[in-house]
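**Student:** This is the structure, below, for whatever I ask next.
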Amino acid sequence: MNQRVIVTAYGEADVLRLMDEPVQAPASGEVLIRVEAAGVALGDVMRRKGVYPGGPKPPFTPGYDGVGRIEAVGEGVSGLRAGERVAFCLDGTGAYSRYVRVREQDAIPVPASIDPYEAVCLVLNYVTAYQLLHRAVKKEGMRRILVHGAAGGVGTALLELGRVLGLTMIGTASEPKLASVRGYGAMGIDYRSEDFVKAVLERYPDGVDAVFDPIGGDNWRRSVQTLRPGGALVGFGFTSVLTAGPDAEAASRLRGDWSRLSQGQWHSEKPVLASAYSVTQWKREHPSWFRLDLQALLQLLSEGRIKPVVHAVIPLQEAAEAHRLIESSRTIGKIIVDCL
């Protein structure tokens, strides 16, 4: 019997329910995975609340990323076998489940020596950070970066991978999380009590080379002020829509900003390169990149050169608590749903 979490209606975390259903056999070209660990992301919360652009209508199962062992293989599958541990990344829905079916090409082998909880941190968060640093901006001349949400799952990944690259880093976070940010060798800024634009420019008057911003809206506009001419702003989310509350006009402006940034139509007075990044869109358009980048990260993890931060592991049946936790803004690193 399979169990999966479903969003029964748009709303708060209590709309999440656990549903029982038969396990479906894999179709031709698919593998059936017994999921060990699934990642929790703010994108899951945005979909649950109905504020994610183009998001699904209830009922649906949240979740991008997971790691588990292959239970069965469908006809025509030749490169994978039952019992092998694999990672997978879905298009934003489906991972909060004890069993998941994916195409063979979307199941990426994970070395047996790697802990599944650490492995699942790589699938969404670290691949996002890796592609932001290695593909979304030109590495040549990139010496100094500003990371917003620096204590989150992607933020900590950016800081750790930035440290591997030898970058000078600045990270914004709330005051209780600044010790974590500084632990990566970054300058930490308390975004609640400090003006990050002023703090950055006082320390680096010529600005930074790149800003990675998951917040959106006015934060993007202020981030541009910290860039050197010709620097790069990459928006990889607009989580500020979660704090817009019932202000439909504000939420609409945020979605409009994301749309313009995605289409290359977002402009600023300063000559900078502004773009949007979506890991799921890039995976659809460049599937080989996703596989190569995840494999590179698995190698770094197996070598001990990176160590993802796991904030909490929460049972599948308590997925609502996982959502409340990530919404509390008190977490550092990754929240994981244990699907065993």
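Every chain in the structure tokens takes a letter, A first, then B, and so on in the order presented; its residues are numbered from 1, and the ligands are numbered from 1 following the presented order.
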In stretch 114-294 of chain A, what's strand (DSSP E or B) per DSSP? Answer as number ranges by chain?
**Tutor:** A: 144-147, 168-173, 187-190, 208-213, 227-235, 273-276
**Student:** Do a neighbour search on A:Pro205 at 10 Å with only C-alpha atoms, toss out local chain neighbours closer than 3 positions, and write the hits as a ChimeraX atom specification.
**Tutor:** /A:198-202,208,226-228
**Student:** May I have the residues from that selection written out with all heavy atoms, as an mmCIF file, in the first residue's frame?
**Tutor:**
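Generated file (result22.cif):
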data_model
loop_
_atom_site.group_PDB
_atom_site.id
_atom_site.type_symbol
_atom_site.label_atom_id
_atom_site.label_comp_id
_atom_site.auth_asym_id
_atom_site.auth_seq_id
_atom_site.Cartn_x
_atom_site.Cartn_y
_atom_site.Cartn_z
ATOM 1 N N LYS A 198 23.500 49.576 2.243
ATOM 2 C CA LYS A 198 24.505 50.406 2.903
ATOM 3 C C LYS A 198 25.655 49.563 3.434
ATOM 4 O O LYS A 198 26.834 49.916 3.263
ATOM 5 C CB LYS A 198 23.847 51.181 4.048
ATOM 6 C CG LYS A 198 24.799 52.106 4.803
ATOM 7 C CD LYS A 198 24.062 52.840 5.914
ATOM 8 C CE LYS A 198 25.014 53.744 6.700
ATOM 9 N NZ LYS A 198 24.314 54.421 7.829
ATOM 10 N N ALA A 199 25.335 48.429 4.066
ATOM 11 C CA ALA A 199 26.374 47.581 4.655
ATOM 12 C C ALA A 199 27.312 47.029 3.585
ATOM 13 O O ALA A 199 28.535 46.985 3.773
ATOM 14 C CB ALA A 199 25.726 46.446 5.438
ATOM 15 N N VAL A 200 26.756 46.607 2.448
ATOM 16 C CA VAL A 200 27.589 46.054 1.379
ATOM 17 C C VAL A 200 28.507 47.129 0.808
ATOM 18 O O VAL A 200 29.715 46.911 0.627
ATOM 19 C CB VAL A 200 26.719 45.440 0.269
ATOM 20 C CG1 VAL A 200 27.564 45.109 -0.963
ATOM 21 C CG2 VAL A 200 26.015 44.188 0.773
ATOM 22 N N LEU A 201 27.938 48.290 0.499
ATOM 23 C CA LEU A 201 28.732 49.329 -0.159
ATOM 24 C C LEU A 201 29.745 49.973 0.780
ATOM 25 O O LEU A 201 30.778 50.480 0.322
ATOM 26 C CB LEU A 201 27.790 50.384 -0.762
ATOM 27 C CG LEU A 201 26.919 49.859 -1.906
ATOM 28 C CD1 LEU A 201 26.015 50.965 -2.443
ATOM 29 C CD2 LEU A 201 27.768 49.277 -3.037
ATOM 30 N N GLU A 202 29.464 49.968 2.073
ATOM 31 C CA GLU A 202 30.466 50.463 3.011
ATOM 32 C C GLU A 202 31.672 49.534 3.034
ATOM 33 O O GLU A 202 32.814 49.980 3.153
ATOM 34 C CB GLU A 202 29.866 50.576 4.419
ATOM 35 C CG GLU A 202 28.993 51.808 4.600
ATOM 36 C CD GLU A 202 28.441 51.926 6.016
ATOM 37 O OE1 GLU A 202 28.566 50.941 6.794
ATOM 38 O OE2 GLU A 202 27.878 52.978 6.340
ATOM 39 N N VAL A 208 29.376 44.339 -5.689
ATOM 40 C CA VAL A 208 29.600 42.903 -5.840
ATOM 41 C C VAL A 208 29.412 42.514 -7.302
ATOM 42 O O VAL A 208 28.845 43.262 -8.102
ATOM 43 C CB VAL A 208 28.644 42.089 -4.943
ATOM 44 C CG1 VAL A 208 28.879 42.410 -3.476
ATOM 45 C CG2 VAL A 208 27.184 42.319 -5.310
ATOM 46 N N THR A 226 23.625 47.177 -5.076
ATOM 47 C CA THR A 226 24.881 46.637 -4.542
ATOM 48 C C THR A 226 25.810 46.116 -5.631
ATOM 49 O O THR A 226 26.950 45.760 -5.350
ATOM 50 C CB THR A 226 24.603 45.477 -3.558
ATOM 51 O OG1 THR A 226 24.106 44.341 -4.282
ATOM 52 C CG2 THR A 226 23.595 45.885 -2.491
ATOM 53 N N LEU A 227 25.329 46.058 -6.874
ATOM 54 C CA LEU A 227 26.107 45.484 -7.960
ATOM 55 C C LEU A 227 27.055 46.505 -8.590
ATOM 56 O O LEU A 227 26.722 47.684 -8.714
ATOM 57 C CB LEU A 227 25.182 44.952 -9.054
ATOM 58 C CG LEU A 227 24.454 43.634 -8.779
ATOM 59 C CD1 LEU A 227 23.347 43.415 -9.805
ATOM 60 C CD2 LEU A 227 25.438 42.469 -8.799
ATOM 61 N N ARG A 228 28.180 46.007 -9.027
ATOM 62 C CA ARG A 228 29.040 46.834 -9.874
ATOM 63 C C ARG A 228 28.382 46.966 -11.246
ATOM 64 O O ARG A 228 27.550 46.113 -11.618
ATOM 65 C CB ARG A 228 30.422 46.188 -10.017
ATOM 66 C CG ARG A 228 30.396 44.827 -10.704
ATOM 67 C CD ARG A 228 31.778 44.375 -11.110
ATOM 68 N NE ARG A 228 31.768 43.024 -11.659
ATOM 69 C CZ ARG A 228 31.389 42.684 -12.891
ATOM 70 N NH1 ARG A 228 30.959 43.623 -13.739
ATOM 71 N NH2 ARG A 228 31.421 41.436 -13.302
#
**Student:** Residues of stretch 89-180 of chain A classed as helix (DSSP H, G or I) by DSSP on the backbone are to be reported as an MDAnalysis selection string.
**Tutor:** chainID A and resid 104:106 116:136 153:165 175:180
**Student:** When you look at A:Leu261 with a cut-off of 8 Å (counting only C-alpha atoms), what residues show up, excluding the ones that are within fewer than 5 positions of it in the same chain? I need them as a list in words.
**Tutor:**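 Once the nearby chain positions are removed, what remains is Gly235, Trp266, Ala274, Ser275 and Ala276 of chain A.
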**Student:** List as a list in words the protein and nucleic acid residues near stretch 326-334 of chain A, meaning an atom at most 7 Å away when only C-alpha atoms are counted, but skip any in the same chain fewer than 5 places from it.
**Tutor:**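 Using only C-alpha atoms, the neighbours found are Cys121, Ala151, Gly152, Gly153, Thr156, Val309, Val310 and His311 of chain A.
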**Student:** Would you save the residues from that selection as an mmCIF file, in the first residue's frame, using all heavy atoms?
**Tutor:**
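Just written: selection-v6.cif:
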data_model
loop_
_atom_site.group_PDB
_atom_site.id
_atom_site.type_symbol
_atom_site.label_atom_id
_atom_site.label_comp_id
_atom_site.auth_asym_id
_atom_site.auth_seq_id
_atom_site.Cartn_x
_atom_site.Cartn_y
_atom_site.Cartn_z
ATOM 1 N N CYS A 121 19.532 16.502 0.046
ATOM 2 C CA CYS A 121 19.857 17.939 0.108
ATOM 3 C C CYS A 121 20.450 18.432 -1.206
ATOM 4 O O CYS A 121 20.320 19.616 -1.549
ATOM 5 C CB CYS A 121 20.852 18.212 1.234
ATOM 6 S SG CYS A 121 20.224 17.928 2.894
ATOM 7 N N ALA A 151 20.800 31.535 5.071
ATOM 8 C CA ALA A 151 20.758 30.416 6.015
ATOM 9 C C ALA A 151 19.767 29.338 5.592
ATOM 10 O O ALA A 151 19.624 28.328 6.289
ATOM 11 C CB ALA A 151 20.407 30.922 7.418
ATOM 12 N N GLY A 152 19.112 29.520 4.467
ATOM 13 C CA GLY A 152 18.154 28.533 3.988
ATOM 14 C C GLY A 152 18.833 27.378 3.271
ATOM 15 O O GLY A 152 20.065 27.287 3.202
ATOM 16 N N GLY A 153 18.020 26.492 2.705
ATOM 17 C CA GLY A 153 18.570 25.320 2.034
ATOM 18 C C GLY A 153 19.452 25.668 0.858
ATOM 19 O O GLY A 153 20.565 25.143 0.711
ATOM 20 N N THR A 156 22.586 28.154 2.185
ATOM 21 C CA THR A 156 23.754 27.475 2.754
ATOM 22 C C THR A 156 24.529 26.725 1.679
ATOM 23 O O THR A 156 25.762 26.654 1.729
ATOM 24 C CB THR A 156 23.328 26.502 3.872
ATOM 25 O OG1 THR A 156 22.309 25.620 3.383
ATOM 26 C CG2 THR A 156 22.807 27.248 5.086
ATOM 27 N N VAL A 309 23.585 20.904 5.472
ATOM 28 C CA VAL A 309 22.996 21.100 6.798
ATOM 29 C C VAL A 309 21.563 20.590 6.776
ATOM 30 O O VAL A 309 20.733 21.066 6.002
ATOM 31 C CB VAL A 309 23.005 22.587 7.194
ATOM 32 C CG1 VAL A 309 22.313 22.792 8.542
ATOM 33 C CG2 VAL A 309 24.439 23.114 7.250
ATOM 34 N N VAL A 310 21.273 19.609 7.625
ATOM 35 C CA VAL A 310 19.912 19.089 7.774
ATOM 36 C C VAL A 310 19.340 19.662 9.066
ATOM 37 O O VAL A 310 19.828 19.359 10.153
ATOM 38 C CB VAL A 310 19.895 17.549 7.812
ATOM 39 C CG1 VAL A 310 18.487 17.034 8.075
ATOM 40 C CG2 VAL A 310 20.456 16.973 6.519
ATOM 41 N N HIS A 311 18.308 20.480 8.936
ATOM 42 C CA HIS A 311 17.722 21.104 10.128
ATOM 43 C C HIS A 311 16.843 20.127 10.889
ATOM 44 O O HIS A 311 16.892 20.058 12.120
ATOM 45 C CB HIS A 311 16.895 22.332 9.739
ATOM 46 C CG HIS A 311 16.310 23.043 10.926
ATOM 47 N ND1 HIS A 311 16.978 24.049 11.578
ATOM 48 C CD2 HIS A 311 15.135 22.874 11.605
ATOM 49 C CE1 HIS A 311 16.245 24.478 12.598
ATOM 50 N NE2 HIS A 311 15.121 23.772 12.632
#
**Student:** Against stretch 4-24 of chain A, which residues of stretch 222-339 of chain A fall within 9 Å? For each one I want the closest pair of atoms and the distance in Å (one decimal), counting only C-alpha atoms, rows by chain and increasing residue number, as a Markdown table.
**Tutor:**
| residue | atom | partner | partner_atom | distance |
| --- | --- | --- | --- | --- |
| A:Leu316 | CA | A:Val5 | CA | 7.5 |
| A:Gln317 | CA | A:Leu18 | CA | 6.3 |
| A:Glu318 | CA | A:Leu18 | CA | 9.0 |
| A:Ala319 | CA | A:Leu16 | CA | 7.3 |
| A:Ala320 | CA | A:Ala13 | CA | 5.0 |
| A:Glu321 | CA | A:Ala13 | CA | 7.5 |
| A:Ala322 | CA | A:Ala13 | CA | 8.8 |
| A:His323 | CA | A:Ala13 | CA | 6.2 |
| A:Arg324 | CA | A:Ala13 | CA | 6.5 |
| A:Cys339 | CA | A:Arg4 | CA | 8.9 |
**Student:** Could you save those same residues with N, CA, C and O atoms as an mmCIF file, in the first residue's frame?
**Tutor:**
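Output file part15.cif is given in full below:
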data_model
loop_
_atom_site.group_PDB
_atom_site.id
_atom_site.type_symbol
_atom_site.label_atom_id
_atom_site.label_comp_id
_atom_site.auth_asym_id
_atom_site.auth_seq_id
_atom_site.Cartn_x
_atom_site.Cartn_y
_atom_site.Cartn_z
ATOM 1 N N LEU A 316 6.599 11.340 7.365
ATOM 2 C CA LEU A 316 5.671 11.688 6.291
ATOM 3 C C LEU A 316 4.306 12.083 6.829
ATOM 4 O O LEU A 316 3.702 13.045 6.349
ATOM 5 N N GLN A 317 3.807 11.344 7.827
ATOM 6 C CA GLN A 317 2.478 11.627 8.347
ATOM 7 C C GLN A 317 2.399 12.955 9.088
ATOM 8 O O GLN A 317 1.313 13.433 9.415
ATOM 9 N N GLU A 318 3.555 13.580 9.343
ATOM 10 C CA GLU A 318 3.594 14.884 10.010
ATOM 11 C C GLU A 318 4.075 15.971 9.048
ATOM 12 O O GLU A 318 4.692 16.950 9.457
ATOM 13 N N ALA A 319 3.775 15.813 7.762
ATOM 14 C CA ALA A 319 4.217 16.779 6.753
ATOM 15 C C ALA A 319 3.715 18.185 7.059
ATOM 16 O O ALA A 319 4.394 19.173 6.754
ATOM 17 N N ALA A 320 2.550 18.298 7.664
ATOM 18 C CA ALA A 320 2.029 19.628 8.015
ATOM 19 C C ALA A 320 2.977 20.335 8.978
ATOM 20 O O ALA A 320 3.188 21.560 8.883
ATOM 21 N N GLU A 321 3.572 19.580 9.907
ATOM 22 C CA GLU A 321 4.527 20.171 10.838
ATOM 23 C C GLU A 321 5.778 20.636 10.101
ATOM 24 O O GLU A 321 6.368 21.670 10.441
ATOM 25 N N ALA A 322 6.192 19.879 9.081
ATOM 26 C CA ALA A 322 7.344 20.301 8.274
ATOM 27 C C ALA A 322 7.060 21.634 7.597
ATOM 28 O O ALA A 322 7.937 22.505 7.512
ATOM 29 N N HIS A 323 5.830 21.812 7.103
ATOM 30 C CA HIS A 323 5.466 23.080 6.469
ATOM 31 C C HIS A 323 5.439 24.214 7.491
ATOM 32 O O HIS A 323 5.901 25.327 7.212
ATOM 33 N N ARG A 324 4.884 23.946 8.662
ATOM 34 C CA ARG A 324 4.858 24.995 9.692
ATOM 35 C C ARG A 324 6.277 25.404 10.070
ATOM 36 O O ARG A 324 6.553 26.587 10.301
ATOM 37 N N CYS A 339 10.132 9.222 4.518
ATOM 38 C CA CYS A 339 9.035 8.503 3.868
ATOM 39 C C CYS A 339 9.018 7.008 4.162
ATOM 40 O O CYS A 339 8.170 6.279 3.636
#
**Student:** I'd like the contact shell of A:Ala87 - 6 Å cut-off, only C-alpha atoms, skipping same-chain residues fewer than 5 positions apart - returned as a PDB file with N, CA and C atoms, in the first residue's frame.
**Tutor:**
ATOM      1  N   GLY A  66      13.618  13.773  -4.100  1.00  0.00           N
ATOM      2  CA  GLY A  66      13.629  12.616  -3.234  1.00  0.00           C
ATOM      3  C   GLY A  66      14.790  11.697  -3.525  1.00  0.00           C
ATOM      4  N   VAL A  67      15.015  10.802  -2.574  1.00  0.00           N
ATOM      5  CA  VAL A  67      16.022   9.737  -2.702  1.00  0.00           C
ATOM      6  C   VAL A  67      15.395   8.457  -2.175  1.00  0.00           C
ATOM      7  N   ALA A 107      16.043   9.030 -12.975  1.00  0.00           N
ATOM      8  CA  ALA A 107      16.549   8.389 -11.761  1.00  0.00           C
ATOM      9  C   ALA A 107      18.068   8.351 -11.842  1.00  0.00           C
ATOM     10  N   ILE A 108      18.718   9.046 -10.934  1.00  0.00           N
ATOM     11  CA  ILE A 108      20.174   9.198 -10.985  1.00  0.00           C
ATOM     12  C   ILE A 108      20.805   8.408  -9.843  1.00  0.00           C
TER      13      ILE A 108
END
**Student:** I'd like the interatomic distance between atom CA of A:Arg182 and atom CA of A:Val241, to a tenth of an Å.
**Tutor:**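 Atom-to-atom, atom CA of A:Arg182 and atom CA of A:Val241 are spaced 27.7 Å apart.
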**Student:** Would you mind telling me which residue in A:Pro214, A:Gly74, A:Gly207, A:Gly155 lies nearest to A:Val127 when using only C-alpha atoms?
**Tutor:**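 Between A:Pro214, A:Gly74, A:Gly207, A:Gly155, the residue approaching A:Val127 most closely is A:Gly155.
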**Student:** Which distance in Å separates atom CA of A:His148 and atom CA of A:Ile170, to one decimal?
**Tutor:**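 If I compute the distance from atom CA of A:His148 to atom CA of A:Ile170, I get 8.5 Å.
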**Student:** Have a look at atom CA of A:Phe236 and atom CA of A:Tyr277 and let me know their distance in Å, one decimal.
**Tutor:**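 Computing it gives 4.8 Å between the two atoms.
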**Student:** Might you pull out every residue within 6 Å of A:Gly68, with only C-alpha atoms counted and same-chain residues fewer than 6 positions away left off, and present them as a list in words?
**Tutor:**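 Here the answer would be Ile33, Arg34, Val35, Glu36, Arg85 and Val86 of chain A.
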**Student:** Restricting the calculation to only C-alpha atoms, which member of A:Ala179, A:Ala37, A:Val31, A:Val73 is positioned closest to A:Leu340?
**Tutor:** A:Ala37
**Student:** Env of A:Ala173: 6 Å cut, atoms = only C-alpha atoms, seq-sep filter 6 positions within chain, self excluded. Answer as a list in words.
**Tutor:**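 My list of contacting residues is Gly149, Ala150, Asp190 and Tyr191 of chain A.
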